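Trainee: First the structure, then my questions, so here it is.
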Amino acid sequence: ASPFQPHYHADSFLLFRSLATPGHRLYLTPQSRIINMSDNEYEIAAADAGASETIPCEAGQVKKGGYMMIKGKPCKVISISVSKTGKHGHAKCNFIATDIFTGRKLEDMVPSTHGTTVPIVTKNDWEIIDIEEDGELTLMDEAGNQKTDLNLPLVPEGFGEEIREAWNEGENQISVTVQSAVGIQQVVAYKALEADK
């Protein structure tokens, strides 16, 4: 008989506490592989799993000009109005925001002490190396890394063609700003680069 009783968890992992060395956890995956992780490694793995594209935030902490998720879309807050505390004790925040990728206006009302989620938004500059007929971009950063998984933007209307014309079949050096959030990437700005002298 085994000296310990494994416990089944909802996530289908078996946790063998009595086998774990101090500061480590042992897991038996459905494929019967034992994983021995230190507490620090476990915390990092948990933080990186899927939800790392957003962070939790109290609704009352979101500021105008900041970001928040509304109806599953990453948005930039353009207006916040706070209603007075009601008989149930919660002031409500009414957010008006625009989707950062489509520009569509969205609204949400959340009690100020309740939780909401804030997307992690990053922006990086890339130089255009090539633009295909179908709008597929070949981009390069300062380190020489290439990126080929983006097309010219469709929003706002005409913006993609404006970038193509500014690039002028490679006659001009053009840098684009790529905005990323919740697994979506899109070109949101461009500028002409000064030619090297």
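Naming scheme: A, B, ... for chains in displayed order of the structure tokens; residues 1 onward per chain; ligands 1 onward as shown.
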When DSSP works through the backbone of this structure, what residues of region 130-181 of chain A end up as strand (DSSP E or B), shown as a PyMOL selection string?

Mentor: chain A and resi 130-131+136-140+146-151+174-181

Trainee: Could the residues in this selection be written to a file with N, CA, C and O atoms, as a PDB file, in the first residue's frame?

Mentor:
```
ATOM      1  N   ASP A 130       8.973  46.196 -46.670  1.00  0.00           N
ATOM      2  CA  ASP A 130       8.221  45.880 -47.886  1.00  0.00           C
ATOM      3  C   ASP A 130       6.726  45.900 -47.585  1.00  0.00           C
ATOM      4  O   ASP A 130       6.305  45.634 -46.452  1.00  0.00           O
ATOM      5  N   ILE A 131       5.939  46.212 -48.606  1.00  0.00           N
ATOM      6  CA  ILE A 131       4.482  46.110 -48.523  1.00  0.00           C
ATOM      7  C   ILE A 131       4.019  45.315 -49.740  1.00  0.00           C
ATOM      8  O   ILE A 131       4.256  45.722 -50.883  1.00  0.00           O
ATOM      9  N   GLU A 136       0.244  42.945 -46.918  1.00  0.00           N
ATOM     10  CA  GLU A 136       1.098  42.316 -45.904  1.00  0.00           C
ATOM     11  C   GLU A 136       2.396  43.106 -45.773  1.00  0.00           C
ATOM     12  O   GLU A 136       3.033  43.464 -46.754  1.00  0.00           O
ATOM     13  N   LEU A 137       2.761  43.371 -44.522  1.00  0.00           N
ATOM     14  CA  LEU A 137       3.945  44.174 -44.228  1.00  0.00           C
ATOM     15  C   LEU A 137       5.141  43.306 -43.879  1.00  0.00           C
ATOM     16  O   LEU A 137       4.992  42.268 -43.222  1.00  0.00           O
ATOM     17  N   THR A 138       6.322  43.736 -44.295  1.00  0.00           N
ATOM     18  CA  THR A 138       7.573  43.198 -43.774  1.00  0.00           C
ATOM     19  C   THR A 138       8.202  44.346 -43.007  1.00  0.00           C
ATOM     20  O   THR A 138       8.460  45.418 -43.571  1.00  0.00           O
ATOM     21  N   LEU A 139       8.400  44.122 -41.701  1.00  0.00           N
ATOM     22  CA  LEU A 139       8.905  45.166 -40.815  1.00  0.00           C
ATOM     23  C   LEU A 139      10.221  44.738 -40.191  1.00  0.00           C
ATOM     24  O   LEU A 139      10.498  43.542 -40.058  1.00  0.00           O
ATOM     25  N   MET A 140      11.025  45.722 -39.752  1.00  0.00           N
ATOM     26  CA  MET A 140      12.279  45.417 -39.073  1.00  0.00           C
ATOM     27  C   MET A 140      12.486  46.400 -37.931  1.00  0.00           C
ATOM     28  O   MET A 140      12.219  47.597 -38.083  1.00  0.00           O
ATOM     29  N   GLN A 146      12.997  40.768 -37.923  1.00  0.00           N
ATOM     30  CA  GLN A 146      11.940  40.999 -38.901  1.00  0.00           C
ATOM     31  C   GLN A 146      10.601  40.492 -38.399  1.00  0.00           C
ATOM     32  O   GLN A 146      10.522  39.537 -37.627  1.00  0.00           O
ATOM     33  N   LYS A 147       9.542  41.146 -38.864  1.00  0.00           N
ATOM     34  CA  LYS A 147       8.172  40.817 -38.478  1.00  0.00           C
ATOM     35  C   LYS A 147       7.353  40.778 -39.765  1.00  0.00           C
ATOM     36  O   LYS A 147       7.367  41.735 -40.539  1.00  0.00           O
ATOM     37  N   THR A 148       6.618  39.674 -39.984  1.00  0.00           N
ATOM     38  CA  THR A 148       5.845  39.531 -41.230  1.00  0.00           C
ATOM     39  C   THR A 148       4.415  39.084 -40.962  1.00  0.00           C
ATOM     40  O   THR A 148       3.768  38.535 -41.849  1.00  0.00           O
ATOM     41  N   ASP A 149       3.924  39.314 -39.736  1.00  0.00           N
ATOM     42  CA  ASP A 149       2.590  38.803 -39.385  1.00  0.00           C
ATOM     43  C   ASP A 149       1.541  39.909 -39.297  1.00  0.00           C
ATOM     44  O   ASP A 149       0.509  39.744 -38.666  1.00  0.00           O
ATOM     45  N   LEU A 150       1.800  41.054 -39.946  1.00  0.00           N
ATOM     46  CA  LEU A 150       0.855  42.170 -39.908  1.00  0.00           C
ATOM     47  C   LEU A 150       0.533  42.658 -41.307  1.00  0.00           C
ATOM     48  O   LEU A 150       1.369  42.573 -42.204  1.00  0.00           O
ATOM     49  N   ASN A 151      -0.659  43.199 -41.453  1.00  0.00           N
ATOM     50  CA  ASN A 151      -1.062  43.846 -42.704  1.00  0.00           C
ATOM     51  C   ASN A 151      -1.257  45.326 -42.456  1.00  0.00           C
ATOM     52  O   ASN A 151      -1.340  45.768 -41.310  1.00  0.00           O
ATOM     53  N   ILE A 174       9.894  54.748 -43.845  1.00  0.00           N
ATOM     54  CA  ILE A 174       8.725  54.965 -42.996  1.00  0.00           C
ATOM     55  C   ILE A 174       8.781  54.025 -41.794  1.00  0.00           C
ATOM     56  O   ILE A 174       9.041  52.828 -41.936  1.00  0.00           O
ATOM     57  N   SER A 175       8.533  54.593 -40.626  1.00  0.00           N
ATOM     58  CA  SER A 175       8.440  53.813 -39.385  1.00  0.00           C
ATOM     59  C   SER A 175       6.974  53.742 -38.983  1.00  0.00           C
ATOM     60  O   SER A 175       6.245  54.727 -39.090  1.00  0.00           O
ATOM     61  N   VAL A 176       6.535  52.548 -38.556  1.00  0.00           N
ATOM     62  CA  VAL A 176       5.160  52.402 -38.068  1.00  0.00           C
ATOM     63  C   VAL A 176       5.183  52.023 -36.594  1.00  0.00           C
ATOM     64  O   VAL A 176       6.122  51.392 -36.120  1.00  0.00           O
ATOM     65  N   THR A 177       4.150  52.449 -35.869  1.00  0.00           N
ATOM     66  CA  THR A 177       3.989  52.073 -34.470  1.00  0.00           C
ATOM     67  C   THR A 177       2.984  50.939 -34.403  1.00  0.00           C
ATOM     68  O   THR A 177       1.865  51.080 -34.892  1.00  0.00           O
ATOM     69  N   VAL A 178       3.414  49.810 -33.825  1.00  0.00           N
ATOM     70  CA  VAL A 178       2.548  48.639 -33.687  1.00  0.00           C
ATOM     71  C   VAL A 178       2.067  48.570 -32.241  1.00  0.00           C
ATOM     72  O   VAL A 178       2.867  48.508 -31.309  1.00  0.00           O
ATOM     73  N   GLN A 179       0.753  48.624 -32.083  1.00  0.00           N
ATOM     74  CA  GLN A 179       0.135  48.529 -30.758  1.00  0.00           C
ATOM     75  C   GLN A 179      -0.320  47.094 -30.532  1.00  0.00           C
ATOM     76  O   GLN A 179      -0.910  46.485 -31.420  1.00  0.00           O
ATOM     77  N   SER A 180      -0.034  46.567 -29.339  1.00  0.00           N
ATOM     78  CA  SER A 180      -0.404  45.186 -29.011  1.00  0.00           C
ATOM     79  C   SER A 180      -1.180  45.146 -27.705  1.00  0.00           C
ATOM     80  O   SER A 180      -0.825  45.829 -26.746  1.00  0.00           O
ATOM     81  N   ALA A 181      -2.242  44.335 -27.683  1.00  0.00           N
ATOM     82  CA  ALA A 181      -3.025  44.102 -26.463  1.00  0.00           C
ATOM     83  C   ALA A 181      -3.882  42.865 -26.673  1.00  0.00           C
ATOM     84  O   ALA A 181      -4.386  42.630 -27.777  1.00  0.00           O
TER      85      ALA A 181
END
```

Trainee: Looking at only C-alpha atoms, which of A:Gln186, A:Glu171, A:Val62, A:Ser52 is the one that sits closest to Lys123 (chain A)?

Mentor: A:Gln186

Trainee: Could you pull out all residues of region 37-172 of chain A with a DSSP call of helix (DSSP H, G or I) and give them as a short mmCIF file (atom, residue, chain, number, x, y, z; two decimals) with N, CA and C atoms, in the first residue's frame?

Mentor:
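Output file part35.cif follows:
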```cif
data_model
loop_
_atom_site.label_atom_id
_atom_site.label_comp_id
_atom_site.auth_asym_id
_atom_site.auth_seq_id
_atom_site.Cartn_x
_atom_site.Cartn_y
_atom_site.Cartn_z
N ASP A 39 8.82 26.95 -5.61
CA ASP A 39 7.72 27.89 -5.41
C ASP A 39 7.81 29.07 -6.37
N ASN A 40 9.03 29.61 -6.57
CA ASN A 40 9.19 30.75 -7.46
C ASN A 40 8.83 30.40 -8.90
N GLU A 41 9.29 29.24 -9.37
CA GLU A 41 8.98 28.82 -10.74
C GLU A 41 7.47 28.64 -10.90
N TYR A 42 6.83 28.10 -9.87
CA TYR A 42 5.39 27.86 -9.94
C TYR A 42 4.63 29.18 -10.06
N GLU A 43 5.04 30.18 -9.28
CA GLU A 43 4.37 31.48 -9.32
C GLU A 43 4.53 32.13 -10.68
N ILE A 44 5.73 32.04 -11.27
CA ILE A 44 5.97 32.63 -12.59
C ILE A 44 5.11 31.93 -13.63
N ALA A 45 5.07 30.58 -13.58
CA ALA A 45 4.28 29.83 -14.55
C ALA A 45 2.81 30.20 -14.44
N ALA A 46 2.33 30.35 -13.21
CA ALA A 46 0.92 30.69 -13.02
C ALA A 46 0.63 32.09 -13.54
N ALA A 47 1.56 33.01 -13.34
CA ALA A 47 1.35 34.39 -13.79
C ALA A 47 1.36 34.50 -15.30
N ASP A 48 2.13 33.62 -15.97
CA ASP A 48 2.25 33.69 -17.42
C ASP A 48 1.13 32.95 -18.15
N ALA A 51 -3.93 34.58 -18.71
CA ALA A 51 -4.54 35.81 -18.18
C ALA A 51 -3.54 36.95 -18.06
N SER A 52 -2.28 36.72 -18.40
CA SER A 52 -1.27 37.77 -18.23
C SER A 52 -1.45 38.92 -19.21
N GLU A 53 -2.41 38.82 -20.13
CA GLU A 53 -2.67 39.91 -21.06
C GLU A 53 -3.50 41.01 -20.42
N ALA A 59 -12.52 49.30 -10.16
CA ALA A 59 -13.10 50.25 -11.13
C ALA A 59 -12.81 51.70 -10.75
N GLY A 60 -12.83 52.01 -9.45
CA GLY A 60 -12.59 53.38 -9.00
C GLY A 60 -11.17 53.86 -9.24
N GLN A 61 -10.24 52.93 -9.55
CA GLN A 61 -8.84 53.29 -9.80
C GLN A 61 -8.55 53.60 -11.26
N PHE A 159 -6.46 54.70 -43.96
CA PHE A 159 -5.19 54.87 -43.26
C PHE A 159 -4.10 53.97 -43.84
N GLY A 160 -4.48 52.73 -44.20
CA GLY A 160 -3.51 51.80 -44.79
C GLY A 160 -2.95 52.32 -46.10
N GLU A 161 -3.84 52.85 -46.95
CA GLU A 161 -3.40 53.39 -48.24
C GLU A 161 -2.53 54.64 -48.05
N GLU A 162 -2.83 55.40 -47.01
CA GLU A 162 -2.02 56.58 -46.69
C GLU A 162 -0.58 56.17 -46.36
N ILE A 163 -0.44 55.06 -45.60
CA ILE A 163 0.90 54.55 -45.27
C ILE A 163 1.60 54.07 -46.53
N ARG A 164 0.86 53.33 -47.39
CA ARG A 164 1.45 52.82 -48.64
C ARG A 164 1.97 53.98 -49.50
N GLU A 165 1.17 55.04 -49.61
CA GLU A 165 1.57 56.20 -50.42
C GLU A 165 2.77 56.91 -49.81
N ALA A 166 2.81 57.03 -48.47
CA ALA A 166 3.95 57.68 -47.81
C ALA A 166 5.23 56.88 -48.05
N TRP A 167 5.12 55.54 -48.04
CA TRP A 167 6.29 54.66 -48.25
C TRP A 167 6.75 54.76 -49.71
N ASN A 168 5.81 54.94 -50.64
CA ASN A 168 6.09 55.18 -52.06
C ASN A 168 7.04 54.13 -52.66
N GLU A 169 6.62 52.85 -52.56
CA GLU A 169 7.40 51.74 -53.13
C GLU A 169 8.84 51.71 -52.62
N GLY A 170 9.05 52.16 -51.38
CA GLY A 170 10.38 52.10 -50.78
C GLY A 170 11.23 53.33 -51.02
#
```

Trainee: Restricting the calculation to only C-alpha atoms, which member of A:Cys57, A:Val182, A:Ala192, A:Ile128 is positioned closest to Thr116 (chain A)?

Mentor: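 Among the listed residues, A:Cys57 lies closest to Thr116 (chain A).
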
Trainee: List the neighbours of Val110 (chain A) out to 10 Å using only C-alpha atoms; skip same-chain residues closer than 2 positions along the sequence, and give me the result as a list in words.

Mentor: Glu58, Ala59, Gly60, Val82, His90, Ala91, Lys92, Cys93, Asn94, Phe95, Asp108, Ser112, Thr113, His114, Gly115 and Thr116 of chain A

Trainee: So what do you get for CA of Gly135 (chain A) versus CA of Gln185 (chain A), distance-wise?

Mentor: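 So the answer is 14.8 Å.
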
Trainee: Quote the spacing between CA of Phe101 (chain A) and CA of Leu154 (chain A) in Å to one decimal place.

Mentor: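 So the answer is 9.8 Å.
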